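The block underneath contains the structure these notes are about, expressed in structure tokens.
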There are 4 protein chains.
Amino acid sequence: MAEEIAAPRVRARALDLPLGRFRPGRFNAITDVAGVRVGHTTLIEGDGPLRPGKGPVRTGVTAIVPGAGNIFMERLHGGGFVLNGAGEVSGLTQVMEWGLVETPIMLTNTMAVGAVSDGVARYMVDRYPGIGDEHDVIIPVVGECDDSFLNDCRRMQVGAADVRSSYDAAARSRGATSPPPEGAVGAGTGMSCLGFKGGIGTASRVTGDGYTVAVLLLTNFGERDRLTVAGVPVGRLLPAPDMSAAPPAGSCIGVVVTDAPVDAAGCARLARRIGLGLARTGSTAHHGSGEIFLAASTTCRFDRDGAPEAGPRVAGRGLDPLFGAVVDAAEEAVLNSLLGSVTTTGRDGNTSEGLDPAVVSRLLAEAGHAGH
Amino acid sequence: MAEEIAAPRVRARALDLPLGRFRPGRFNAITDVAGVRVGHTTLIEGDGPLRPGKGPVRTGVTAIVPGAGNIFMERLHGGGFVLNGAGEVSGLTQVMEWGLVETPIMLTNTMAVGAVSDGVARYMVDRYPGIGDEHDVIIPVVGECDDSFLNDCRRMQVGAADVRSSYDAAARSRGATSPPPEGAVGAGTGMSCLGFKGGIGTASRVTGDGYTVAVLLLTNFGERDRLTVAGVPVGRLLPAPDMSAAPPAGSCIGVVVTDAPVDAAGCARLARRIGLGLARTGSTAHHGSGEIFLAASTTCRFDRDGAPEAGPRVAGRGLDPLFGAVVDAAEEAVLNSLLGSVTTTGRDGNTSEGLDPAVVSRLLAEAGHAGH
Amino acid sequence: MAEEIAAPRVRARALDLPLGRFRPGRFNAITDVAGVRVGHTTLIEGDGPLRPGKGPVRTGVTAIVPGAGNIFMERLHGGGFVLNGAGEVSGLTQVMEWGLVETPIMLTNTMAVGAVSDGVARYMVDRYPGIGDEHDVIIPVVGECDDSFLNDCRRMQVGAADVRSSYDAAARSRGATSPPPEGAVGAGTGMSCLGFKGGIGTASRVTGDGYTVAVLLLTNFGERDRLTVAGVPVGRLLPAPDMSAAPPAGSCIGVVVTDAPVDAAGCARLARRIGLGLARTGSTAHHGSGEIFLAASTTCRFDRDGAPEAGPRVAGRGLDPLFGAVVDAAEEAVLNSLLGSVTTTGRDGNTSEGLDPAVVSRLLAEAGHAGH
Amino acid sequence: MAEEIAAPRVRARALDLPLGRFRPGRFNAITDVAGVRVGHTTLIEGDGPLRPGKGPVRTGVTAIVPGAGNIFMERLHGGGFVLNGAGEVSGLTQVMEWGLVETPIMLTNTMAVGAVSDGVARYMVDRYPGIGDEHDVIIPVVGECDDSFLNDCRRMQVGAADVRSSYDAAARSRGATSPPPEGAVGAGTGMSCLGFKGGIGTASRVTGDGYTVAVLLLTNFGERDRLTVAGVPVGRLLPAPDMSAAPPAGSCIGVVVTDAPVDAAGCARLARRIGLGLARTGSTAHHGSGEIFLAASTTCRFDRDGAPEAGPRVAGRGLDPLFGAVVDAAEEAVLNSLLGSVTTTGRDGNTSEGLDPAVVSRLLAEAGHAGH
């Protein structure tokens, strides 16, 4: 089974949360940056006890196409940052050295990184026949979190077809009139965050200069006790779970995209601010958490057969509004990943509880948020 | 004038803030780690218009002696991290390469780093006659923030005598029966943070394993609009200031010390978590902010004339409680730096407003914190 | 076709090169470190024009098992360094964060990293049924260079079976009475270096303290003009090639293993010295070169279910002999990769010329090396 | 005593060494990059036994003004790299974060870094009255090596007057018709390198595109046994010294300047290649060696009151000739620092032997270099 799910969901903004002063973009999503598209392939199969190699399956693939053009030929300036390196974004080393993003950015589960990387390589080789001949070989960018609490990660269920379907879903989403699906979809299908069901979350901000800064996260980090929603310690205010909660460790892969013309060094600095947003929701960057972040600018290109585009750059203190926007959008994207997810049961009956928007709303009201 | 001021102050804990689940140490201060001592030299002189090179002076020096022994001979494992490098901790490169702290850690204002470094060098040469002969030369560790909003930084007021007096104050504080002074003292005298008067703040936590983890900060970062106290957006809830507030940029130097036996790589990871605590109070790590952090373990030594001590280490998942403790203590240390400061007027009548504990208390109550 | 080739070859030492003062280990190879094993799977198929996706094939897989025990359960302290990041070692981020090596280290061609990573994941899941259940998921360590000058990299020829065969070859090599094959074998099959046929090379040194330090390289870097053999500018002394030489860019993956008890931070410092050895042979770390290095200590373990081993460590100035040994062994390993290779023709008749030992010997003699 | 010495000296190029294919610039020196100037203050005083705090003195200060304009207002893009961090370049963190050089680059001895930093701060405050008011405060860039083998480093002999005199010497050198002094001058006065007298060395290259790439080093690293001159193992070919040679550890600070328009990330990559040149002369980057490098581009500016200059950039593979030029110029600069120095006796009669050009010439001839 490989399908796209549009789960019923609430977004954080519906709860009237006070997250920063910048307004969100049209969809409050990474797709608010012109040209950026997102596609998911969600893999759900079987129930009951883990039969290693046979399921149950709760995983998927998410494809982010970070620009409007042909990312292979029209490479974007970008950068990365590792807050805690207990994880993997294949291709990160090259992104950081060259300051360039030249492949789509894929997300999946830990044990599927190789298969997805292989799938992207095959896909790009088909699409760009000159790879390895007149063009350089490529190194796919594939990030991961560990969904083995819900998913039979030994199944190695993800394959080249899933890569293509997620990429095709992204391509088809051009001109979408809603934000991309969030929560338990694509790579987020089996993830848990801050003691609840997590997964995919996104948010955006428009700065006073009119630049859009947008974040997409794959959330799988933290412990329930620290869950903080718009400053309210929701995790501590809730009763202890009556089912065994998701384990405290995990990871978070984050992607920032902006249409501000920011060079590679500036992109790396944008990426570094994602962690500050996660911290506001309760992250302590656990030992076992791969908190790894990428950033790209859609308006700073370095064409494969050309030279870096010359042009004005947002730099120096001009970056400060973008930094603030990253922190706010990252915080909201975590909440969207939680509020966008429903309770999910996976292998061995392990259950990751969906964070109930009504409960959050009540706790926020008690904390006087209506008055803010 | 060079004296120690024990300003009237309130500590965050008095407001019954819910900051994490670990209990603080005896004094909720960096001095809770056995052997760690702190001394301040506070320099206040003159008022009125800036007469470059003549004052007014609002600055100082803070000395942290990070272990019980002779730090030069009984070097401690340590590490560092740069969240945003628009600042300076001289000696940081060697701390990170060798994983060792072998001098006291000094804090002061930006333009005084050279003078303080020189003062530490002179002090240590006097005290350890073998430096540069049978012993290696040393590189002092001196961190800075920019206090030029209140202080005539062109005065270059800080000298070797101030280094010695702060160090001597630290030495004298052995056996102190209260936490070290906070707020507008020592290096914190002229600093501003999140739109209010900042400076020195400290806090500690004791983990379930009985380890003490403690943080001391020199806070000079952020903008009022983002000030967050225990999750409550105090900065936005307050009326706009009726005086010109401190400027939004700045820096934050942070120091973690623990008695857990953590090796150099682990110390670097502890240092990296300080930024997550700052984020919870409103930091977005501005372009112009030097957010630079150090960590040391008092129970992992590498004696100058010996070999690294062998012994059990806290490592792997065992670090997670320490990580959480750093985040919580850093958040609380920011609040202590604010609540421990009083309104301070400096050069040109520039005024940095003290954060009023009563106002904070009221806003927390309105946010339902009594119910937490 | 997937077989192991023991090509006729000469080793640098046979030319009586003066490379440092330390003596080599028994085999002058990475396998001199007790427990370390190496296995190759060499893939050669077809000739003539490139028929994208169909060949010719000149590639392979090399497996390095970096310790005597079960590397998954008996993890080794390790570290890494990126001299120039235009390449990939998947899993590097985690090695650097945790200071641990917990999988075999695999080498292959760029476009096969995903497939090899997937193959290792499958292999380890079969072997350790608890992965993703009572044990953490794993992130395979897979390094690459680009062999597309000789190889149809679009073929994606490498698969899980090749991973297993290289790993099995490593396992079978226990107790080998010769160094592992070098040159155009395994991952080195299609690589070129400094204008000649490169590939796999290894060398070792024994320090005065009796520690063995050994290096294995996958060489695919540099331009002929800069080829330097034991200080003699062989590249410039040779006539220009009468065939189109291998292109100047490329990469070099390097692995150091030692039986000295060196902690994670020390391993990272060992890794950093590999580049100094490459420089002596002519590397300038081209823009397009992935010069990425790993190190591990076989006597510093951190068992999966335990704590880090306590014990004496080689640290501080005690590392200096190890640093020198890394530089010397890396220089010699480059030469072994060249002298161990024969002229190889691949896709489109592209030919990478084997460096003729007789010619090198003559040039060395003319440079007075007999007198050294 | 504080004077400039123009010691009798030979430059490596006079020995007809084959160091790379690019031609040097006019003076084969860092001053070949338009606008770059160098000034030295050399401090020599007393002889005989060390009387701590009283001498003998063998030290100094070197000032590098990295651009033609007002470096404070017309900031240059730049970057840095730490090969081994057992040393100090104050201000490095900010150079790396902002990718900007905004002060002169000073060199001195380890224990004088604070005093020189303080001197630069005072100098700039005098020159730019707006510092700390309408302009940001500054963090001086000051690198060091340890000259305590020859110098009474406890003397703390260096002061603000020496900073000014070295800076003034640089200013006066505009329009010089010879390369700047090398060897035992300025900061190089008391340094030793590869078992001989070292100090200041410089060299330059002009690439095929007409860009000048130039290096200046303060050399104080390595052991005699590894001294390599143009590939010839001179250190091993020489008889053992009949006097106690300089100790094996030390440091090397390196500065690259180019007139190629290279952005901050590119500058950091240029800096990283200096170590490859050092390696060719015998560096193994000892534990105690601070091998720290900086780079700046004189044609990529970011004015203090403006925005980053837009314009074409040398990037991607276009950097490769610059990389090669850095490696070659760094190798030659080491040799110039050695050949430019004469035997120097300092405290306690400690003597650092000058490398005799005639001996080197003979050894090179025996190695057949005439035939190259």
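Lettering and numbering for the structure tokens are positional, with chains as A, B, ... in the shown order, residues counted from 1 in each chain, and ligands counted from 1 in the shown order.
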
Original post:
DSSP says helix (DSSP H, G or I) for which residues of segment 28-155 of chain A? Put them as an MDAnalysis selection string?
Top reply: chainID A and resid 30:32 92:98 110:127 153:155

All residues 12 Å or closer to Ser297 of chain D, only C-alpha atoms, same chain fewer than 4 positions away omitted, as a PyMOL selection string = chain D and resi 33-36+66-68+71+74-79+99-102+211-214+255-268+270-271+301-302+313-314+322

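Residue list for chain B within 8 Å of chain C: B:Trp98, B:Ala264, B:Ala265, B:Ala307, B:Pro308, B:Glu309, B:Ala310, B:Gly311, B:Pro312, B:Arg313, B:Ala315, B:Gly316, counting only C-alpha atoms.
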
- Which polymer residues have any atom within 12 Å of an atom of Val359 of chain B, counting only C-alpha atoms, with same-chain residues fewer than 5 positions away left out, as a PyMOL selection string? chain B and resi 15+229+234-235+237-239+339+354+364-366

So that I have them on file, write out the residues from the current selection with C-alpha atoms, as a CSV table (one decimal), in the first residue's frame.
chain,number,residue,atom,x,y,z
B,15,LEU,CA,8.5,33.7,41.8
B,229,VAL,CA,9.5,34.2,31.4
B,234,VAL,CA,6.3,39.1,29.2
B,235,GLY,CA,8.0,41.3,26.7
B,237,LEU,CA,2.5,41.9,27.5
B,238,LEU,CA,4.3,44.9,28.9
B,239,PRO,CA,3.7,48.4,27.6
B,339,LEU,CA,15.6,39.9,38.2
B,354,GLY,CA,15.5,46.7,35.7
B,364,LEU,CA,2.7,35.0,35.7
B,365,ALA,CA,-0.3,34.9,38.0
B,366,GLU,CA,-2.5,36.1,35.2

Strand (DSSP E or B) call set, DSSP backbone run, segment 132-357 of chain D, as a ChimeraX atom specification: /D:135,141-145,183,192-193,196-197,200-206,212-220,229,232,251-258,290-303,308,344-345,351-352

Between B:Ile274, B:Leu83, B:Val113, B:Leu335, which one has atoms that come closest to Leu355 of chain B, using only C-alpha atoms?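 Nearest candidate to Leu355 of chain B out of B:Ile274, B:Leu83, B:Val113, B:Leu335: B:Leu335.
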
Residue contacts of Val142 of chain B (9 Å, only C-alpha atoms) excluding same-chain residues fewer than 4 positions away, as a PyMOL selection string: chain B and resi 88-92+104-108+113-114+116-117+120

Excluding Gly368 of chain D and its own-chain neighbours fewer than 3 positions away, which residues fall within 12 Å of it when counting only C-alpha atoms? Please give them as a PyMOL selection string.
(chain C and resi 231-233+237+363-371) or (chain D and resi 16-18+230-232+361-365+371-372)

Which distance in Å separates atom CA of Thr219 of chain D and atom CA of Pro56 of chain D, to one decimal?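 Spanning atom CA of Thr219 of chain D to atom CA of Pro56 of chain D is a straight-line distance of 21.0 Å.
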
*Quick one: of A:Cys145, A:Leu276, A:Met73, A:Ile64, who's nearest to Val163 of chain A, counting only C-alpha atoms?*
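Of all the options, A:Ile64 lies closest to Val163 of chain A.
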